[in-house]
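Heads up, input30.txt below (compact mmCIF, C-alpha atoms and all ligand atoms):
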# COMPACT_ATOMS: atom_id res chain seq x y z
CA MET F 1 130.10 76.19 11.18
CA GLU F 2 128.39 79.40 10.00
CA SER F 3 125.18 77.57 9.13
CA LEU F 4 125.26 75.65 12.40
CA LEU F 5 125.54 78.92 14.33
CA ARG F 6 122.78 80.61 12.30
CA ARG F 7 120.48 77.69 13.03
CA ALA F 8 121.31 77.59 16.75
CA GLN F 9 120.71 81.34 16.99
CA LYS F 10 117.18 80.72 15.79
CA ASP F 11 116.09 77.40 17.28
CA HIS F 12 118.43 77.08 20.30
CA THR F 13 119.04 73.40 19.81
CA LEU F 14 122.38 71.73 19.41
CA SER F 15 123.21 68.04 19.49
CA ARG F 16 126.01 66.72 21.68
CA SER F 17 128.33 66.35 18.69
CA GLU F 18 127.49 69.85 17.45
CA ILE F 19 128.34 71.27 20.88
CA ILE F 20 131.63 69.38 20.84
CA SER F 21 132.47 70.79 17.42
CA LEU F 22 131.79 74.33 18.67
CA LEU F 23 133.87 73.81 21.81
CA THR F 24 136.81 72.48 19.80
CA ALA F 25 136.66 74.79 16.76
CA GLU F 26 139.95 76.50 15.96
CA ASP F 27 138.32 79.87 15.25
CA ASP F 28 136.14 80.86 18.20
CA GLN F 29 135.15 84.35 17.04
CA PRO F 30 132.07 83.29 15.03
CA LEU F 31 130.73 81.47 18.13
CA PHE F 32 131.40 84.50 20.35
CA ASP F 33 129.72 86.86 17.88
CA ALA F 34 126.66 84.60 17.59
CA ALA F 35 126.34 84.37 21.39
CA ASN F 36 126.73 88.13 21.74
CA GLN F 37 123.89 88.71 19.27
CA VAL F 38 121.61 86.28 21.07
CA ARG F 39 122.48 87.91 24.39
CA LYS F 40 121.53 91.34 23.02
CA GLN F 41 118.26 90.07 21.60
CA TYR F 42 117.09 88.08 24.65
CA VAL F 43 118.54 89.88 27.68
CA GLY F 44 119.55 93.26 26.25
CA ASP F 45 122.53 95.50 26.97
CA GLY F 46 121.77 95.85 30.68
CA VAL F 47 124.02 94.08 33.16
CA TYR F 48 122.58 92.94 36.49
CA LEU F 49 124.80 93.42 39.51
CA ARG F 50 124.48 91.10 42.51
CA GLY F 51 126.25 91.96 45.75
CA LEU F 52 128.19 88.93 46.99
CA ILE F 53 128.59 88.34 50.74
CA GLU F 54 131.05 85.57 51.61
CA PHE F 55 129.91 85.00 55.16
CA SER F 56 131.81 81.91 56.31
CA ASN F 57 134.68 79.79 55.02
CA PHE F 58 134.09 76.90 57.41
CA CYS F 59 133.22 73.82 55.37
CA LYS F 60 132.42 70.22 56.22
CA ASN F 61 133.31 69.07 52.71
CA ASP F 62 136.67 68.25 51.24
CA CYS F 63 136.46 69.05 47.52
CA MET F 64 139.89 68.43 46.00
CA TYR F 65 139.88 71.65 44.00
CA CYS F 66 138.69 74.06 46.67
CA GLY F 67 140.91 76.25 48.84
CA ILE F 68 138.46 76.23 51.76
CA ARG F 69 138.19 72.42 51.87
CA LYS F 70 138.02 70.94 55.34
CA SER F 71 141.53 69.44 55.16
CA ASN F 72 143.24 72.69 54.29
CA GLU F 73 144.80 73.57 57.60
CA ARG F 74 146.35 76.71 56.18
CA ALA F 75 142.96 78.31 55.55
CA GLN F 76 142.25 80.93 58.21
CA ARG F 77 138.68 80.24 59.16
CA TYR F 78 136.19 83.03 59.82
CA ARG F 79 132.47 83.34 60.28
CA LEU F 80 130.38 86.52 60.24
CA SER F 81 127.73 86.80 62.92
CA PRO F 82 124.10 86.94 61.79
CA ASN F 83 124.07 90.66 62.67
CA GLN F 84 127.18 91.29 60.60
CA ILE F 85 125.61 89.49 57.64
CA VAL F 86 122.42 91.53 57.85
CA GLU F 87 124.42 94.75 58.24
CA THR F 88 126.54 93.91 55.18
CA ALA F 89 123.36 93.24 53.21
CA ARG F 90 121.93 96.62 54.27
CA LYS F 91 125.08 98.31 53.03
CA ALA F 92 124.83 96.45 49.73
CA VAL F 93 121.31 97.78 49.30
CA GLU F 94 122.60 101.31 50.04
CA TYR F 95 125.18 100.90 47.28
CA GLY F 96 122.32 100.18 44.90
CA TYR F 97 122.36 96.39 44.74
CA LYS F 98 118.94 94.87 44.13
CA THR F 99 120.12 91.34 44.93
CA VAL F 100 122.39 90.04 47.66
CA VAL F 101 124.01 86.65 47.32
CA LEU F 102 124.86 84.86 50.56
CA GLN F 103 127.66 82.39 49.95
CA SER F 104 129.63 80.18 52.31
CA GLY F 105 131.22 76.80 52.79
CA GLU F 106 128.90 74.18 54.21
CA ASP F 107 129.09 75.56 57.73
CA LEU F 108 126.94 73.62 60.17
CA TRP F 109 126.99 76.47 62.71
CA PHE F 110 124.31 78.11 60.57
CA SER F 111 121.30 75.95 61.38
CA ALA F 112 118.30 76.23 59.09
CA GLU F 113 116.54 78.35 61.73
CA LYS F 114 119.47 80.77 61.98
CA MET F 115 119.59 81.09 58.18
CA ALA F 116 115.84 81.64 57.98
CA ASP F 117 116.11 84.43 60.51
CA ILE F 118 118.92 86.12 58.55
CA ILE F 119 116.97 85.80 55.28
CA HIS F 120 113.86 87.24 56.90
CA LYS F 121 115.75 90.29 58.16
CA ILE F 122 117.46 90.90 54.83
CA LYS F 123 114.14 90.68 53.00
CA GLU F 124 112.93 93.65 55.06
CA THR F 125 115.39 95.81 53.11
CA GLY F 126 113.55 94.95 49.88
CA ALA F 127 116.52 93.05 48.41
CA VAL F 128 116.16 89.88 46.40
CA VAL F 129 117.96 87.09 48.29
CA THR F 130 120.08 84.45 46.59
CA LEU F 131 121.61 81.63 48.61
CA SER F 132 124.73 79.67 47.75
CA ILE F 133 125.32 77.52 50.80
CA GLY F 134 125.47 74.02 49.41
CA GLU F 135 123.53 70.79 49.80
CA LYS F 136 120.65 70.74 52.29
CA THR F 137 117.52 68.70 52.84
CA ARG F 138 114.30 69.54 51.04
CA ASP F 139 112.82 70.70 54.35
CA GLU F 140 115.68 73.13 54.90
CA TYR F 141 115.30 74.54 51.40
CA ALA F 142 111.56 74.90 52.08
CA LEU F 143 112.26 76.79 55.30
CA TYR F 144 114.58 79.27 53.55
CA LYS F 145 111.96 79.75 50.86
CA GLU F 146 109.28 80.49 53.42
CA ALA F 147 111.64 83.01 55.03
CA GLY F 148 111.79 84.79 51.67
CA ALA F 149 114.77 83.40 49.72
CA ASP F 150 114.25 83.88 45.99
CA ARG F 151 117.11 82.16 44.24
CA TYR F 152 119.65 79.41 44.91
CA LEU F 153 123.00 78.76 43.31
CA LEU F 154 124.39 75.25 43.35
CA ARG F 155 126.84 74.29 40.68
CA ILE F 156 126.75 70.68 39.59
CA GLU F 157 130.53 71.24 39.09
CA THR F 158 130.63 68.41 36.53
CA THR F 159 128.01 66.04 35.14
CA ASP F 160 130.64 63.30 35.00
CA LYS F 161 129.47 61.34 38.05
CA ASN F 162 132.70 59.38 38.41
CA LEU F 163 134.82 62.49 38.20
CA TYR F 164 132.54 64.32 40.62
CA GLU F 165 132.73 61.58 43.21
CA LYS F 166 136.51 61.36 42.82
CA LEU F 167 136.98 65.09 43.32
CA ASP F 168 134.29 65.53 45.98
CA PRO F 169 135.01 62.63 48.32
CA ALA F 170 132.12 61.47 50.52
CA MET F 171 129.66 63.43 48.40
CA SER F 172 127.11 61.92 46.06
CA TRP F 173 126.40 63.23 42.59
CA GLU F 174 122.81 61.99 42.79
CA ASN F 175 122.27 64.00 45.94
CA ARG F 176 123.49 67.15 44.22
CA VAL F 177 121.01 66.54 41.39
CA ARG F 178 118.29 65.86 43.99
CA CYS F 179 119.04 69.25 45.53
CA LEU F 180 118.64 71.01 42.18
CA HIS F 181 115.29 69.30 41.55
CA ASP F 182 114.03 70.07 45.07
CA LEU F 183 115.00 73.72 44.65
CA LYS F 184 113.18 73.90 41.35
CA ASN F 185 110.06 72.23 42.72
CA LEU F 186 110.01 74.61 45.67
CA GLY F 187 109.82 77.56 43.28
CA TYR F 188 113.33 78.95 43.54
CA GLU F 189 115.04 80.49 40.57
CA VAL F 190 117.80 77.93 40.22
CA GLY F 191 121.35 78.64 39.22
CA SER F 192 123.81 75.88 38.50
CA GLY F 193 127.04 75.71 36.58
CA SER F 194 130.32 73.90 36.19
CA LEU F 195 134.01 74.14 36.67
CA VAL F 196 135.99 74.05 33.45
CA GLY F 197 139.37 72.36 33.19
CA LEU F 198 139.21 69.86 36.04
CA PRO F 199 141.80 67.08 35.71
CA GLY F 200 140.19 64.16 33.89
CA GLN F 201 137.29 66.25 32.55
CA THR F 202 136.55 65.61 28.88
CA ILE F 203 135.05 67.85 26.19
CA GLU F 204 132.26 65.29 25.92
CA SER F 205 131.39 65.75 29.58
CA LEU F 206 131.42 69.55 29.17
CA ALA F 207 128.91 69.14 26.35
CA ASP F 208 126.84 66.99 28.71
CA ASP F 209 126.98 69.75 31.33
CA LEU F 210 125.39 72.19 28.88
CA LEU F 211 122.68 69.70 27.89
CA PHE F 212 122.02 69.06 31.59
CA PHE F 213 121.47 72.79 32.19
CA GLN F 214 119.14 72.95 29.20
CA LYS F 215 117.15 69.94 30.38
CA LEU F 216 116.64 71.07 33.99
CA PRO F 217 116.25 73.92 32.81
CA VAL F 218 118.27 76.35 34.88
CA ASP F 219 117.40 80.02 35.32
CA MET F 220 121.05 80.87 35.64
CA ALA F 221 124.36 79.11 35.14
CA GLY F 222 127.85 80.15 36.12
CA ILE F 223 130.84 78.77 34.31
CA GLY F 224 134.08 79.02 36.25
CA PRO F 225 137.56 78.20 35.01
CA PHE F 226 139.28 75.84 37.44
CA ILE F 227 142.30 77.56 39.03
CA PRO F 228 144.55 75.25 41.07
CA HIS F 229 144.98 76.26 44.69
CA PRO F 230 148.49 75.66 46.15
CA ASP F 231 147.13 74.16 49.39
CA THR F 232 145.03 71.49 47.68
CA PRO F 233 145.85 68.09 46.14
CA LEU F 234 145.28 69.56 42.65
CA LYS F 235 147.96 72.24 43.02
CA GLU F 236 150.11 70.93 40.14
CA VAL F 237 147.37 70.70 37.53
CA ALA F 238 147.90 72.73 34.34
CA TYR F 239 145.21 75.29 33.60
CA ASP F 240 146.40 77.21 30.53
CA GLY F 241 143.39 76.61 28.33
CA ASN F 242 140.70 77.04 30.97
CA PHE F 243 139.98 80.71 30.33
CA ASN F 244 139.26 80.33 26.65
CA LEU F 245 137.33 77.11 27.08
CA SER F 246 135.17 78.81 29.73
CA LEU F 247 134.35 81.62 27.30
CA LYS F 248 133.27 79.02 24.75
CA MET F 249 131.13 77.22 27.32
CA MET F 250 129.35 80.49 28.19
CA ALA F 251 128.83 81.27 24.52
CA VAL F 252 127.32 77.86 23.70
CA MET F 253 125.16 78.12 26.81
CA ARG F 254 123.77 81.44 25.58
CA LEU F 255 122.82 79.77 22.29
CA LEU F 256 121.07 76.89 24.08
CA LEU F 257 119.35 78.95 26.79
CA PRO F 258 118.89 82.36 25.19
CA ASP F 259 117.14 84.23 28.02
CA ILE F 260 118.81 82.90 31.19
CA ASN F 261 121.15 84.88 33.41
CA ILE F 262 124.81 84.09 32.86
CA PRO F 263 127.36 85.63 35.20
CA ALA F 264 130.77 86.84 34.08
CA THR F 265 132.48 85.02 36.93
CA THR F 266 135.12 86.54 39.17
CA ALA F 267 137.51 83.66 38.45
CA MET F 268 137.59 84.82 34.80
CA GLU F 269 139.14 88.11 35.89
CA THR F 270 141.81 86.26 37.89
CA LEU F 271 143.02 84.64 34.68
CA HIS F 272 142.74 87.72 32.45
CA PRO F 273 142.71 91.44 33.38
CA GLN F 274 139.63 91.98 31.20
CA GLY F 275 138.15 88.55 31.91
CA ARG F 276 134.70 89.63 33.06
CA MET F 277 134.26 92.18 30.27
CA LEU F 278 135.27 89.58 27.69
CA ALA F 279 132.73 87.20 29.21
CA LEU F 280 130.06 89.90 28.94
CA GLN F 281 130.82 90.03 25.23
CA CYS F 282 130.57 86.23 24.84
CA GLY F 283 127.08 85.75 26.25
CA ALA F 284 127.20 86.82 29.91
CA ASN F 285 124.89 89.48 31.40
CA VAL F 286 125.49 89.43 35.18
CA VAL F 287 128.39 90.51 37.42
CA MET F 288 128.66 89.70 41.12
CA PRO F 289 130.87 92.30 42.81
CA ASN F 290 132.09 91.48 46.28
CA VAL F 291 130.54 93.38 49.17
CA THR F 292 132.22 91.37 51.93
CA ASP F 293 134.20 93.44 54.41
CA THR F 294 137.83 93.75 53.27
CA VAL F 295 139.22 91.98 56.37
CA PHE F 296 137.48 88.72 55.40
CA ARG F 297 137.79 88.77 51.61
CA LYS F 298 141.29 87.37 51.39
CA LYS F 299 140.32 84.46 53.63
CA TYR F 300 137.51 83.29 51.36
CA GLU F 301 140.10 81.88 49.04
CA LEU F 302 138.52 79.22 46.83
CA TYR F 303 141.37 79.67 44.35
CA PRO F 304 144.53 81.83 44.42
CA GLY F 305 144.85 85.28 42.86
CA LYS F 306 141.33 86.37 43.72
CA ILE F 307 140.72 89.93 42.50
CA CYS F 308 139.90 93.04 44.56
CA VAL F 309 140.82 91.46 47.92
CA GLY F 310 142.09 94.81 49.21
CA ASP F 311 139.20 96.90 47.94
CA SER F 312 136.13 98.26 49.67
CA ALA F 313 132.61 97.37 48.59
CA GLU F 314 132.12 100.97 47.51
CA LYS F 315 135.20 100.94 45.30
CA CYS F 316 134.17 97.67 43.61
CA ARG F 317 130.72 99.02 42.83
CA GLY F 318 132.13 102.12 41.06
CA CYS F 319 134.91 100.26 39.31
CA VAL F 320 132.62 97.58 37.89
CA GLU F 321 130.14 100.15 36.59
CA ARG F 322 132.90 102.08 34.79
CA LYS F 323 134.16 98.91 33.16
CA ILE F 324 130.65 97.92 32.06
CA ASN F 325 130.10 101.39 30.55
CA SER F 326 133.45 101.18 28.77
CA ILE F 327 132.18 98.28 26.64
CA GLY F 328 128.97 100.09 25.70
CA ARG F 329 126.74 98.37 28.28
CA TYR F 330 124.96 99.73 31.33
CA VAL F 331 124.05 98.65 34.85
CA SER F 332 120.46 97.52 34.85
CA THR F 333 118.19 98.91 37.57
CA GLY F 334 115.76 95.98 37.51
CA LYS F 335 115.71 93.02 39.88
CA GLY F 336 116.93 90.75 37.15
CA PHE F 337 114.72 87.70 37.32
CA HIS F 338 114.91 85.17 34.51
CA GLY F 339 113.07 86.50 31.47
CA ASP F 340 112.53 90.04 32.80
CA PHE F 341 113.99 91.71 29.72
CA LEU F 342 111.61 89.96 27.34
CA LYS F 343 108.72 90.94 29.62
CA GLY F 344 109.81 94.57 29.26
CA LYS F 345 110.88 94.81 32.91
N1 LIG Z 1 129.37 75.60 49.45
C1 LIG Z 1 128.70 76.20 48.34
C2 LIG Z 1 129.55 77.27 47.69
C3 LIG Z 1 130.78 76.71 47.07
S1 LIG Z 1 132.02 77.89 46.63
C4 LIG Z 1 128.27 75.14 47.37
O1 LIG Z 1 128.58 73.96 47.59
O2 LIG Z 1 127.62 75.44 46.39
C5 LIG Z 1 131.45 78.40 45.03
C6 LIG Z 1 132.09 77.75 43.82
O3 LIG Z 1 133.48 77.99 43.79
C7 LIG Z 1 132.01 76.26 43.74
O4 LIG Z 1 130.75 75.83 43.33
C8 LIG Z 1 133.12 75.92 42.75
O5 LIG Z 1 132.60 75.76 41.44
C9 LIG Z 1 134.02 77.17 42.78
N2 LIG Z 1 135.43 76.81 43.07
C10 LIG Z 1 135.89 76.07 44.11
N3 LIG Z 1 137.23 75.86 43.97
C11 LIG Z 1 137.62 76.48 42.83
C12 LIG Z 1 138.85 76.60 42.14
N4 LIG Z 1 139.98 76.04 42.61
N5 LIG Z 1 138.89 77.30 40.98
C13 LIG Z 1 137.77 77.89 40.51
N6 LIG Z 1 136.57 77.81 41.11
C14 LIG Z 1 136.48 77.10 42.26
For this file, write the structure as structure tokens.
Amino acid sequence: MESLLRRAQKDHTLSRSEIISLLTAEDDQPLFDAANQVRKQYVGDGVYLRGLIEFSNFCKNDCMYCGIRKSNERAQRYRLSPNQIVETARKAVEYGYKTVVLQSGEDLWFSAEKMADIIHKIKETGAVVTLSIGEKTRDEYALYKEAGADRYLLRIETTDKNLYEKLDPAMSWENRVRCLHDLKNLGYEVGSGSLVGLPGQTIESLADDLLFFQKLPVDMAGIGPFIPHPDTPLKEVAYDGNFNLSLKMMAVMRLLLPDINIPATTAMETLHPQGRMLALQCGANVVMPNVTDTVFRKKYELYPGKICVGDSAEKCRGCVERKINSIGRYVSTGKGFHGDFLKGK
């Protein structure tokens, strides 16, 4: 185990069976320590903050795990107007965010033209724009890019095609992969990622997820523990081990892709009061505090127990910085593109 970790720290290669042995090892501390060292060497002690705007919870899809799935009649739907989105982004920039992330369900009200207009206006503030709005055509992605979008987040969720198509009815795994390739070819910084602990998901398929991210390769990858939502078909699924397994996934990912951006996801903090700070010590280097207006936050409920639903954007910004400082790290003032630290930016 020690020699395997030493080697991976240097050459950043691991076979599928080596990944499986790391994900299943009894003692996870050596893996976490190795990932933390690689993180320090390749992305430094700075933590990039991205201001997250959850602008609509309307969704045409029906993912079995997701609280804002189309069939969930208990979800209270909301949609910010384009002006409200741009205003929220301006506020995020005032709070010091260098990047705003626009996330939503797949809401068809936002035509490509409407999105392009919003992106264009936000870019005038100088912010880097990340989109996380699901599967679109190549032409739509091209239009957003022309309007100024810089990055795109689209989790593959799982590389197990059968599992994906079972949990995301009427969606095609190949199309999701097509989206990731189109985004890459169009020059976006591409973020992907997976859910950890889905019913029927195997350790082997989690290892495949990591190899998939390495092969693409992604510029960023977010690992989220699956948390069952009470108004979804997966409400009864056990999720005890998902937090720890997610930490291990992030750590192995840091070994495989030493200089990418890895967020300490919000879902981690739902499962553990120090979840994001622990993630930052197991390979992660990004946090995405919520800047959505408090009245809408609770309604963007992908999973239950979401943190900070009653807090203001201003409070979250201060609170996150204090936590980051408390573990001996600092909020980075750079824009946080892939590889910036090694370039001395
Ligand atoms: N429509 C966009 C954004 C999806 S929501 C898209 O398709 O990319 C963002 C992420 O929330 C999803 O990619 C999924 O990984 C995560 N998510 C959904 N339900 C969840 C749950 N029950 N527990 C944890 N994470 C969940």
Selection within 7 Å of ligand LIG 1 (chain Z) by all atoms listed in the file, output as a list of chain:residue names: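 Checking all atoms listed in the file against ligand LIG 1 (chain Z) at 7 Å gives F:Tyr65, F:Cys66, F:Gly67, F:Gln103, F:Ser104, F:Gly105, F:Glu106, F:Ser132, F:Ile133, F:Gly134, F:Glu135, F:Leu153, F:Leu154, F:Arg155, F:Glu157, F:Ser194, F:Leu195, F:Gly224, F:Pro225, F:Phe226, F:Ile227, F:Pro228, F:His229, F:Ala267, F:Leu302, F:Tyr303.
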Quick one: residues within 7 Å of Arg176 (chain F), all atoms listed in the file, excluding same-chain residues fewer than 4 positions away - as a PDB file with C-alpha atoms, in the frame of the given file?
ATOM      1  CA  GLU F 135     123.530  70.790  49.800  1.00  0.00           C
ATOM      2  CA  ILE F 156     126.750  70.680  39.590  1.00  0.00           C
ATOM      3  CA  SER F 172     127.110  61.920  46.060  1.00  0.00           C
ATOM      4  CA  LEU F 180     118.640  71.010  42.180  1.00  0.00           C
TER       5      LEU F 180
END
Please write as an NGL selection string the list of polymer residues whose atoms come within 9 Å of (121.0, 95.0, 28.0), counting only C-alpha atoms and keeping to the coordinates of the file. :F and (39-48 or 285 or 329-332 or 341)
Tell me which of F:Thr202, F:Thr158, F:Asn261, F:Thr266 sits closest to Val190 (chain F), counting all atoms listed in the file.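 That would be F:Asn261, the residue with the smallest distance to Val190 (chain F).
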Quote the spacing between CA of Cys282 (chain F) and CA of Val196 (chain F) in Å to one decimal place.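 CA of Val196 (chain F) lies at a distance of 15.9 Å from CA of Cys282 (chain F).
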Closest of F:Ser56, F:Ser21, F:Asn242, F:Thr292 to Pro199 (chain F) - atom-to-atom distances counting all atoms listed in the file: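 Of F:Ser56, F:Ser21, F:Asn242, F:Thr292, the one nearest Pro199 (chain F), counting all atoms listed in the file, is F:Asn242.
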I need the residue nearest Thr232 (chain F) from this list: F:Gly328, F:Gly334, F:Gly148, F:Pro304. Use all atoms listed in the file for the distance. F:Pro304
Which centre and edge lengths in Å to one decimal define the box along x, y and z that fits every listed atom of region 152-166 of chain F plus 6 Å per side, as AutoDock Vina command-line options?
--center_x 128.1 --center_y 69.4 --center_z 40.0 --size_x 28.9 --size_y 32.0 --size_z 21.9
Using all atoms listed in the file, pick whichever of F:Lys306, F:Arg151, F:Lys235, F:Lys145 has the shortest atom-to-atom distance to Met115 (chain F).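 Closest to Met115 (chain F) of all the choices is F:Lys145.
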Given the choices F:Ala147, F:Ile53, F:Ala25, F:Val93, which gets closest to Ala112 (chain F) if the distance is worked out from all atoms listed in the file?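 Of F:Ala147, F:Ile53, F:Ala25, F:Val93, the one nearest Ala112 (chain F), counting all atoms listed in the file, is F:Ala147.
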Written coordinates, all heavy atoms of region 281-290 of chain F as a short mmCIF file (atom, residue, chain, number, x, y, z; two decimals), in the first residue's frame:
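This went into part.cif:
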data_model
loop_
_atom_site.label_atom_id
_atom_site.label_comp_id
_atom_site.auth_asym_id
_atom_site.auth_seq_id
_atom_site.Cartn_x
_atom_site.Cartn_y
_atom_site.Cartn_z
N GLN F 281 -8.94 18.48 2.92
CA GLN F 281 -7.71 17.85 3.42
C GLN F 281 -7.49 16.46 2.81
O GLN F 281 -6.56 15.75 3.18
CB GLN F 281 -7.76 17.79 4.95
CG GLN F 281 -7.74 19.20 5.53
CD GLN F 281 -8.03 19.25 7.02
OE1 GLN F 281 -7.14 19.17 7.85
NE2 GLN F 281 -9.30 19.36 7.35
N CYS F 282 -8.38 16.08 1.89
CA CYS F 282 -8.24 14.78 1.20
C CYS F 282 -8.12 14.99 -0.30
O CYS F 282 -8.50 14.12 -1.09
CB CYS F 282 -9.44 13.89 1.50
SG CYS F 282 -9.54 13.38 3.21
N GLY F 283 -7.67 16.15 -0.72
CA GLY F 283 -7.44 16.36 -2.16
C GLY F 283 -8.18 17.53 -2.77
O GLY F 283 -7.80 18.02 -3.82
N ALA F 284 -9.26 18.00 -2.15
CA ALA F 284 -10.07 19.06 -2.77
C ALA F 284 -9.40 20.43 -2.61
O ALA F 284 -8.58 20.64 -1.72
CB ALA F 284 -11.47 19.09 -2.17
N ASN F 285 -9.77 21.37 -3.52
CA ASN F 285 -9.20 22.72 -3.48
C ASN F 285 -10.19 23.82 -3.90
O ASN F 285 -9.77 24.93 -4.20
CB ASN F 285 -7.94 22.80 -4.36
CG ASN F 285 -8.28 22.73 -5.84
OD1 ASN F 285 -9.11 21.92 -6.25
ND2 ASN F 285 -7.66 23.56 -6.65
N VAL F 286 -11.47 23.48 -3.98
CA VAL F 286 -12.48 24.44 -4.42
C VAL F 286 -13.69 24.32 -3.50
O VAL F 286 -14.03 23.21 -3.06
CB VAL F 286 -12.95 24.12 -5.88
CG1 VAL F 286 -14.13 24.99 -6.29
CG2 VAL F 286 -11.81 24.28 -6.88
N VAL F 287 -14.34 25.46 -3.20
CA VAL F 287 -15.62 25.43 -2.47
C VAL F 287 -16.59 26.32 -3.25
O VAL F 287 -16.19 27.35 -3.81
CB VAL F 287 -15.47 25.93 -1.01
CG1 VAL F 287 -16.83 25.94 -0.30
CG2 VAL F 287 -14.51 25.04 -0.22
N MET F 288 -17.84 25.89 -3.29
CA MET F 288 -18.84 26.64 -4.06
C MET F 288 -19.96 27.16 -3.16
O MET F 288 -21.05 26.60 -3.13
CB MET F 288 -19.42 25.74 -5.16
CG MET F 288 -18.38 25.35 -6.20
SD MET F 288 -18.83 23.99 -7.29
CE MET F 288 -20.32 24.57 -8.00
N PRO F 289 -19.70 28.26 -2.45
CA PRO F 289 -20.75 28.77 -1.56
C PRO F 289 -21.96 29.27 -2.35
O PRO F 289 -21.83 29.73 -3.48
CB PRO F 289 -20.07 29.93 -0.83
CG PRO F 289 -18.61 29.74 -1.03
CD PRO F 289 -18.48 29.07 -2.38
N ASN F 290 -23.11 29.14 -1.72
CA ASN F 290 -24.35 29.52 -2.36
C ASN F 290 -24.55 31.03 -2.33
O ASN F 290 -24.38 31.65 -1.28
CB ASN F 290 -25.48 28.83 -1.59
CG ASN F 290 -26.69 28.60 -2.45
OD1 ASN F 290 -27.07 29.49 -3.20
ND2 ASN F 290 -27.29 27.44 -2.33
#
